[in-house]
Structures are given as structure tokens and as C-alpha cells.
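See below for work17.pdb, which holds PDB, C-alpha atoms and all ligand atoms.
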ATOM      1  CA  MET A  20      12.361 -18.155  16.978  1.00  0.00           C
ATOM      2  CA  SER A  21      15.232 -15.729  16.630  1.00  0.00           C
ATOM      3  CA  PRO A  22      14.521 -12.183  15.527  1.00  0.00           C
ATOM      4  CA  HIS A  23      14.750 -11.362  11.830  1.00  0.00           C
ATOM      5  CA  ARG A  24      17.070  -8.377  11.806  1.00  0.00           C
ATOM      6  CA  PRO A  25      16.806  -5.501   9.416  1.00  0.00           C
ATOM      7  CA  HIS A  26      19.640  -5.849   6.914  1.00  0.00           C
ATOM      8  CA  ARG A  27      19.316  -2.580   5.053  1.00  0.00           C
ATOM      9  CA  PRO A  28      19.264   0.637   7.024  1.00  0.00           C
ATOM     10  CA  PRO A  29      16.775   3.129   5.607  1.00  0.00           C
ATOM     11  CA  ASP A  30      19.592   5.405   4.463  1.00  0.00           C
ATOM     12  CA  GLU A  31      20.998   2.646   2.266  1.00  0.00           C
ATOM     13  CA  GLY A  32      18.166   2.377  -0.165  1.00  0.00           C
ATOM     14  CA  GLY A  33      15.281   0.678   1.479  1.00  0.00           C
ATOM     15  CA  PHE A  34      13.853  -1.537   4.159  1.00  0.00           C
ATOM     16  CA  GLY A  35      14.644  -5.231   4.252  1.00  0.00           C
ATOM     17  CA  TRP A  36      14.745  -8.020   6.819  1.00  0.00           C
ATOM     18  CA  ASP A  37      16.625 -11.289   7.124  1.00  0.00           C
ATOM     19  CA  GLU A  38      14.677 -14.169   5.554  1.00  0.00           C
ATOM     20  CA  VAL A  39      11.995 -11.829   4.198  1.00  0.00           C
ATOM     21  CA  ASP A  40      11.741 -11.828   0.400  1.00  0.00           C
ATOM     22  CA  VAL A  41      11.156  -8.640  -1.521  1.00  0.00           C
ATOM     23  CA  MET A  42       8.338  -9.552  -3.882  1.00  0.00           C
ATOM     24  CA  ALA A  43       6.352  -8.004  -6.651  1.00  0.00           C
ATOM     25  CA  TYR A  44       3.400  -6.025  -5.324  1.00  0.00           C
ATOM     26  CA  LYS A  45       1.005  -7.918  -7.581  1.00  0.00           C
ATOM     27  CA  GLN A  46       1.273 -10.075 -10.673  1.00  0.00           C
ATOM     28  CA  GLU A  47       2.202  -7.997 -13.683  1.00  0.00           C
ATOM     29  CA  GLY A  48      -0.953  -7.310 -15.693  1.00  0.00           C
ATOM     30  CA  GLU A  49      -3.284  -8.210 -12.805  1.00  0.00           C
ATOM     31  CA  ALA A  50      -4.003  -4.586 -11.964  1.00  0.00           C
ATOM     32  CA  PRO A  51      -2.558  -1.137 -12.666  1.00  0.00           C
ATOM     33  CA  PHE A  52       0.303  -0.085 -10.371  1.00  0.00           C
ATOM     34  CA  ARG A  53       3.780   1.408 -10.668  1.00  0.00           C
ATOM     35  CA  HIS A  54       7.053   0.870  -8.766  1.00  0.00           C
ATOM     36  CA  VAL A  55       5.730  -1.036  -5.720  1.00  0.00           C
ATOM     37  CA  THR A  56       7.338  -3.909  -3.788  1.00  0.00           C
ATOM     38  CA  ARG A  57       5.781  -6.134  -1.111  1.00  0.00           C
ATOM     39  CA  GLN A  58       7.329  -7.919   1.875  1.00  0.00           C
ATOM     40  CA  VAL A  59       5.302 -10.190   4.155  1.00  0.00           C
ATOM     41  CA  LEU A  60       6.709  -9.648   7.657  1.00  0.00           C
ATOM     42  CA  PHE A  61       4.316 -11.816   9.684  1.00  0.00           C
ATOM     43  CA  ASP A  62       2.107 -14.567   8.324  1.00  0.00           C
ATOM     44  CA  HIS A  63       1.346 -17.116  11.057  1.00  0.00           C
ATOM     45  CA  PRO A  64      -1.948 -19.043  10.996  1.00  0.00           C
ATOM     46  CA  GLU A  65      -2.454 -18.337  14.708  1.00  0.00           C
ATOM     47  CA  LEU A  66      -2.602 -14.605  14.042  1.00  0.00           C
ATOM     48  CA  ALA A  67      -5.392 -14.717  11.423  1.00  0.00           C
ATOM     49  CA  CYS A  68      -3.801 -11.607   9.956  1.00  0.00           C
ATOM     50  CA  GLN A  69      -0.743 -10.595   7.997  1.00  0.00           C
ATOM     51  CA  LEU A  70       1.609  -7.693   8.454  1.00  0.00           C
ATOM     52  CA  ARG A  71       3.136  -6.535   5.187  1.00  0.00           C
ATOM     53  CA  TYR A  72       5.587  -3.806   4.246  1.00  0.00           C
ATOM     54  CA  PHE A  73       4.972  -2.019   0.966  1.00  0.00           C
ATOM     55  CA  GLU A  74       7.396   0.364  -0.593  1.00  0.00           C
ATOM     56  CA  VAL A  75       6.348   2.720  -3.355  1.00  0.00           C
ATOM     57  CA  ALA A  76       9.378   4.147  -5.165  1.00  0.00           C
ATOM     58  CA  PRO A  77       9.422   7.825  -6.162  1.00  0.00           C
ATOM     59  CA  GLY A  78       6.733   8.518  -8.727  1.00  0.00           C
ATOM     60  CA  GLY A  79       4.996   5.220  -8.064  1.00  0.00           C
ATOM     61  CA  HIS A  80       1.503   4.283  -6.942  1.00  0.00           C
ATOM     62  CA  THR A  81      -0.464   1.341  -5.639  1.00  0.00           C
ATOM     63  CA  THR A  82      -3.583   0.026  -7.350  1.00  0.00           C
ATOM     64  CA  LEU A  83      -6.793   2.032  -7.157  1.00  0.00           C
ATOM     65  CA  GLU A  84      -9.073  -0.606  -5.623  1.00  0.00           C
ATOM     66  CA  ARG A  85     -11.666  -1.478  -3.008  1.00  0.00           C
ATOM     67  CA  HIS A  86     -12.639  -4.631  -1.118  1.00  0.00           C
ATOM     68  CA  GLU A  87     -14.563  -5.846   1.926  1.00  0.00           C
ATOM     69  CA  HIS A  88     -11.486  -6.358   4.090  1.00  0.00           C
ATOM     70  CA  VAL A  89      -9.984  -3.378   5.882  1.00  0.00           C
ATOM     71  CA  HIS A  90      -6.417  -2.064   6.043  1.00  0.00           C
ATOM     72  CA  ALA A  91      -4.564  -0.639   9.033  1.00  0.00           C
ATOM     73  CA  VAL A  92      -1.589   1.312   7.697  1.00  0.00           C
ATOM     74  CA  MET A  93       1.391   3.033   9.333  1.00  0.00           C
ATOM     75  CA  VAL A  94       3.843   5.123   7.330  1.00  0.00           C
ATOM     76  CA  VAL A  95       7.394   4.145   8.269  1.00  0.00           C
ATOM     77  CA  ARG A  96       9.432   5.611   5.418  1.00  0.00           C
ATOM     78  CA  GLY A  97       9.235   8.871   3.534  1.00  0.00           C
ATOM     79  CA  ARG A  98       5.971  10.565   2.789  1.00  0.00           C
ATOM     80  CA  GLY A  99       3.225  10.574   0.203  1.00  0.00           C
ATOM     81  CA  ARG A 100      -0.469  10.953  -0.362  1.00  0.00           C
ATOM     82  CA  ALA A 101      -3.431   8.621  -0.220  1.00  0.00           C
ATOM     83  CA  LEU A 102      -6.941   8.576  -1.553  1.00  0.00           C
ATOM     84  CA  VAL A 103      -9.263   7.027   1.034  1.00  0.00           C
ATOM     85  CA  GLY A 104     -12.903   7.209   0.056  1.00  0.00           C
ATOM     86  CA  ASP A 105     -13.763  10.735  -1.026  1.00  0.00           C
ATOM     87  CA  ALA A 106     -10.637  12.508   0.152  1.00  0.00           C
ATOM     88  CA  VAL A 107      -6.956  12.834  -0.738  1.00  0.00           C
ATOM     89  CA  HIS A 108      -4.735  13.003   2.360  1.00  0.00           C
ATOM     90  CA  GLU A 109      -1.134  14.080   2.833  1.00  0.00           C
ATOM     91  CA  LEU A 110       0.872  11.339   4.557  1.00  0.00           C
ATOM     92  CA  ALA A 111       3.870  11.987   6.806  1.00  0.00           C
ATOM     93  CA  LEU A 112       6.178   9.668   8.691  1.00  0.00           C
ATOM     94  CA  ASN A 113       4.408   7.584  11.349  1.00  0.00           C
ATOM     95  CA  ASP A 114       0.917   8.623  10.271  1.00  0.00           C
ATOM     96  CA  LEU A 115      -1.750   5.992  10.834  1.00  0.00           C
ATOM     97  CA  VAL A 116      -4.370   5.401   8.135  1.00  0.00           C
ATOM     98  CA  GLN A 117      -7.442   3.219   8.300  1.00  0.00           C
ATOM     99  CA  VAL A 118      -9.063   2.062   5.081  1.00  0.00           C
ATOM    100  CA  PRO A 119     -12.649   0.978   5.847  1.00  0.00           C
ATOM    101  CA  ALA A 120     -14.495  -1.800   4.031  1.00  0.00           C
ATOM    102  CA  SER A 121     -15.692  -1.135   0.464  1.00  0.00           C
ATOM    103  CA  THR A 122     -13.723   2.106   0.241  1.00  0.00           C
ATOM    104  CA  TRP A 123     -11.708   3.195  -2.806  1.00  0.00           C
ATOM    105  CA  HIS A 124      -8.059   3.699  -1.939  1.00  0.00           C
ATOM    106  CA  GLN A 125      -4.723   4.389  -3.572  1.00  0.00           C
ATOM    107  CA  PHE A 126      -1.280   5.347  -2.216  1.00  0.00           C
ATOM    108  CA  ARG A 127       1.219   7.476  -4.119  1.00  0.00           C
ATOM    109  CA  ALA A 128       4.838   8.415  -3.470  1.00  0.00           C
ATOM    110  CA  PRO A 129       6.083  11.881  -4.404  1.00  0.00           C
ATOM    111  CA  ASP A 130       8.560  12.222  -7.278  1.00  0.00           C
ATOM    112  CA  ASP A 131      11.556  12.759  -4.985  1.00  0.00           C
ATOM    113  CA  GLU A 132      11.078  10.281  -2.150  1.00  0.00           C
ATOM    114  CA  PRO A 133       9.777   6.750  -1.551  1.00  0.00           C
ATOM    115  CA  LEU A 134       6.721   5.968   0.527  1.00  0.00           C
ATOM    116  CA  GLY A 135       7.045   2.924   2.779  1.00  0.00           C
ATOM    117  CA  PHE A 136       4.235   1.651   4.965  1.00  0.00           C
ATOM    118  CA  LEU A 137       3.226  -1.267   7.135  1.00  0.00           C
ATOM    119  CA  CYS A 138      -0.191  -2.717   6.306  1.00  0.00           C
ATOM    120  CA  LEU A 139      -2.127  -5.072   8.555  1.00  0.00           C
ATOM    121  CA  VAL A 140      -4.840  -7.204   6.923  1.00  0.00           C
ATOM    122  CA  ASN A 141      -6.910 -10.298   7.555  1.00  0.00           C
ATOM    123  CA  ALA A 142      -5.159 -13.452   6.364  1.00  0.00           C
ATOM    124  CA  GLU A 143      -8.378 -14.585   4.661  1.00  0.00           C
ATOM    125  CA  ARG A 144      -9.756 -11.783   2.571  1.00  0.00           C
ATOM    126  CA  ASP A 145     -11.762 -11.028  -0.527  1.00  0.00           C
ATOM    127  CA  ARG A 146     -10.124 -10.111  -3.792  1.00  0.00           C
ATOM    128  CA  PRO A 147      -9.772  -6.409  -4.612  1.00  0.00           C
ATOM    129  CA  GLN A 148     -12.181  -4.880  -7.112  1.00  0.00           C
ATOM    130  CA  LEU A 149     -10.971  -2.444  -9.743  1.00  0.00           C
ATOM    131  CA  PRO A 150     -13.044   0.605 -10.674  1.00  0.00           C
ATOM    132  CA  GLY A 151     -15.386   0.397 -13.636  1.00  0.00           C
ATOM    133  CA  VAL A 152     -16.320   3.250 -15.966  1.00  0.00           C
ATOM    134  CA  SER A 153     -19.025   4.633 -13.687  1.00  0.00           C
ATOM    135  CA  ASP A 154     -16.797   4.294 -10.607  1.00  0.00           C
ATOM    136  CA  LEU A 155     -14.049   6.255 -12.337  1.00  0.00           C
ATOM    137  CA  ALA A 156     -16.512   8.926 -13.429  1.00  0.00           C
ATOM    138  CA  ALA A 157     -17.730   9.321  -9.851  1.00  0.00           C
ATOM    139  CA  LEU A 158     -14.178   9.439  -8.498  1.00  0.00           C
ATOM    140  CA  ARG A 159     -13.162  11.997 -11.134  1.00  0.00           C
ATOM    141  CA  SER A 160     -16.178  14.233 -10.408  1.00  0.00           C
ATOM    142  CA  ASP A 161     -13.981  16.013  -7.870  1.00  0.00           C
ATOM    143  CA  PRO A 162     -11.025  17.930  -9.406  1.00  0.00           C
ATOM    144  CA  GLU A 163      -8.561  17.029  -6.646  1.00  0.00           C
ATOM    145  CA  ARG A 164      -9.443  13.343  -6.881  1.00  0.00           C
ATOM    146  CA  ALA A 165      -9.312  13.515 -10.671  1.00  0.00           C
ATOM    147  CA  ARG A 166      -5.763  14.893 -10.536  1.00  0.00           C
ATOM    148  CA  PHE A 167      -4.703  12.334  -7.949  1.00  0.00           C
ATOM    149  CA  ILE A 168      -5.898   8.994  -9.203  1.00  0.00           C
ATOM    150  CA  ARG A 169      -3.838   6.771 -11.493  1.00  0.00           C
ATOM    151  CA  HIS A 170      -5.543   3.941 -13.308  1.00  0.00           C
TER     152      HIS A 170
HETATM  153 MN    MN B 201      -6.239  -2.626  -0.725  1.00  0.00          MN
END

So, in terms of C-alpha cells, how does the structure I just supplied come out?
Amino acid sequence: MSPHRPHRPPDEGGFGWDEVDVMAYKQEGEAPFRHVTRQVLFDHPELACQLRYFEVAPGGHTTLERHEHVHAVMVVRGRGRALVGDAVHELALNDLVQVPASTWHQFRAPDDEPLGFLCLVNAERDRPQLPGVSDLAALRSDPERARFIRH
């Protein structure tokens, strides 16, 4: 199979590849999120995993969620911050982030720059869980987490 070339250089407004659709991050109304797109770069049954590219536009955030499957993330555009478990981390270009099983996580872009990252996941995976009232209370028990999370 011939390579799928990038068709939008990063300095021209985003990452894109030939024959790769830019899709909604999730169905509208399915879960809280803001300004996120999703591109599935590799999705072959033989791999048993998928490689996706997510881009969070300035001011945007992914869903605050947890699940049994794990994420392996690499930042490839811009910068941002992520909640992983108990801690909020600064993210810089090319940082690697592992999200363990059953761990609350959320990614946010700053107000002046997008955050783009590759995310490797199992092809077959459980559905994300959203936080309930007691989960949110526990997450918000720490002031830094309370300021960070969007839900
Ligand atoms: Mn997730």
C-alpha cells in the first residue's frame, strides 16, 4: 500500500493525511468535550490496536473519563496539560504519556495554541465511564485538580 502523505503542514492550520477523514471526537451530546477532532491513522485487524490523532483547538478539552483500556499518548503538536489520575501535568512537544487502566484523565489545550497528540489504543475496548457526583467531589478535593477539570 502506498504511503498516505501529510497534506497539511503544521504551519498551515493543522495535521491531516491523504485518505484520512477528520471526524468528530465523539457524538455530540454523548459526553462533555470542547473543540476536539479525531483522525484514525491505522486501524487494521491484524494490529489489534488503533493509532489515532486527536487535535484539541485552543481553549478546548477532551472528555473527563476513565475506562479499563489504556492509552499510550505522544504529543506531536503544540502543548497543553493533562490530568492523569491524581495529578495535573504540563505537556510539551514529543512528551510521552501513559494513561493506566481505570484512571481518570482529561487533556486540555492552552488558550493560544492547539494540542495535537497520537493515541494508541486496543481495537476492542470498553466504553468510557463519565464521573458521577462522588467521583467529581473526590477529583475536586484538590484545588489544582478542581481548577483544571472541565465537565
Ligand atoms: Mn480515554

Residue neighbourhood Leu139 of chain A, 8 Å, only C-alpha atoms, exclusion window fewer than 6 positions, as a PyMOL selection string = chain A and resi 68-71+90-92

Counting all atoms listed in the file, the residue of A:Pro25, A:Pro51, A:His88, A:Val107 that sits nearest Ala165 of chain A =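 Once distances to Ala165 of chain A are computed over all atoms listed in the file, the minimum belongs to A:Val107.
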
At most 8 Å is the cut-off: for each residue in chain A with any atom that close to an atom of ligand MN 201 (chain B), write down the nearest atom pair and the distance in Å rounded to one decimal, counting all atoms listed in the file, chain first then increasing number, as a Markdown table.
| residue | atom | partner | partner_atom | distance |
| --- | --- | --- | --- | --- |
| A:Thr82 | CA | B:MN201 | MN | 7.6 |
| A:Leu83 | CA | B:MN201 | MN | 8.0 |
| A:Glu84 | CA | B:MN201 | MN | 6.0 |
| A:Arg85 | CA | B:MN201 | MN | 6.0 |
| A:His86 | CA | B:MN201 | MN | 6.7 |
| A:Val89 | CA | B:MN201 | MN | 7.6 |
| A:His90 | CA | B:MN201 | MN | 6.8 |
| A:Val118 | CA | B:MN201 | MN | 8.0 |
| A:His124 | CA | B:MN201 | MN | 6.7 |
| A:Gln125 | CA | B:MN201 | MN | 7.7 |
| A:Pro147 | CA | B:MN201 | MN | 6.5 |

List the neighbours of Leu158 of chain A out to 10 Å using all atoms listed in the file; skip same-chain residues closer than 6 positions along the sequence, and give me the result as a PDB file with C-alpha atoms, in the frame of the given file.
ATOM      1  CA  GLY A 104     -12.903   7.209   0.056  1.00  0.00           C
ATOM      2  CA  ASP A 105     -13.763  10.735  -1.026  1.00  0.00           C
ATOM      3  CA  ALA A 106     -10.637  12.508   0.152  1.00  0.00           C
ATOM      4  CA  TRP A 123     -11.708   3.195  -2.806  1.00  0.00           C
ATOM      5  CA  PRO A 150     -13.044   0.605 -10.674  1.00  0.00           C
ATOM      6  CA  VAL A 152     -16.320   3.250 -15.966  1.00  0.00           C
ATOM      7  CA  ARG A 164      -9.443  13.343  -6.881  1.00  0.00           C
ATOM      8  CA  ALA A 165      -9.312  13.515 -10.671  1.00  0.00           C
ATOM      9  CA  PHE A 167      -4.703  12.334  -7.949  1.00  0.00           C
ATOM     10  CA  ILE A 168      -5.898   8.994  -9.203  1.00  0.00           C
TER      11      ILE A 168
END

Go ahead and compute the interatomic distance for atom CA of Leu102 of chain A and atom CA of Leu60 of chain A, in Å to one decimal.
-> 24.6 Å

Work out how far apart atom CA of Phe52 of chain A and atom CA of Glu143 of chain A are and give it in Å to one decimal.
-> 22.6 Å

Return the single residue from A:Glu87, A:Glu163, A:Asp154, A:Asp131 that is closest to Ala101 of chain A, with distances computed using all atoms listed in the file.
->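 Nearest to Ala101 of chain A: A:Glu163.
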
Smallest atom-to-atom distance to Gly35 of chain A: which of A:Asp114, A:Asp130, A:Glu109, A:Glu74, using all atoms listed in the file?
->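 Answer, going by the shortest atom-to-atom distance: A:Glu74.
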
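Counting only C-alpha atoms, the residue from A:Val39, A:Pro133, A:Ala76, A:Met93 that sits nearest to Val116 of chain A is A:Met93.
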
What is the distance between atom CA of Gly135 of chain A and atom CA of Tyr72 of chain A, in Å to one decimal?
->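 Straight-line distance from atom CA of Gly135 of chain A to atom CA of Tyr72 of chain A works out to 7.0 Å.
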
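When the PyMOL selection byres (((chain A and resi 110) around 8) and not hetatm) is evaluated against the file, it yields Val94, Arg98, Gly99, Arg100, Ala101, His108, Glu109, Ala111, Leu112 and Asp114 of chain A.
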
Among the residues A:Phe126, A:Gly151, A:Asn141, A:Glu47, the one that comes closest to Glu65 of chain A [using all atoms listed in the file] |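 Among the listed residues, A:Asn141 lies closest to Glu65 of chain A.
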
For Phe73 of chain A, which residue out of A:Gly97, A:Pro162, A:Gly48, A:Pro22 is the nearest one, using only C-alpha atoms?
-> A:Gly97

Using all atoms listed in the file, determine which residues lie at most 10 Å from Ala43 of chain A, disregarding the query and same-chain residues fewer than 4 positions distant; provide the list as a PyMOL selection string.
-> chain A and resi 47+54-58+73
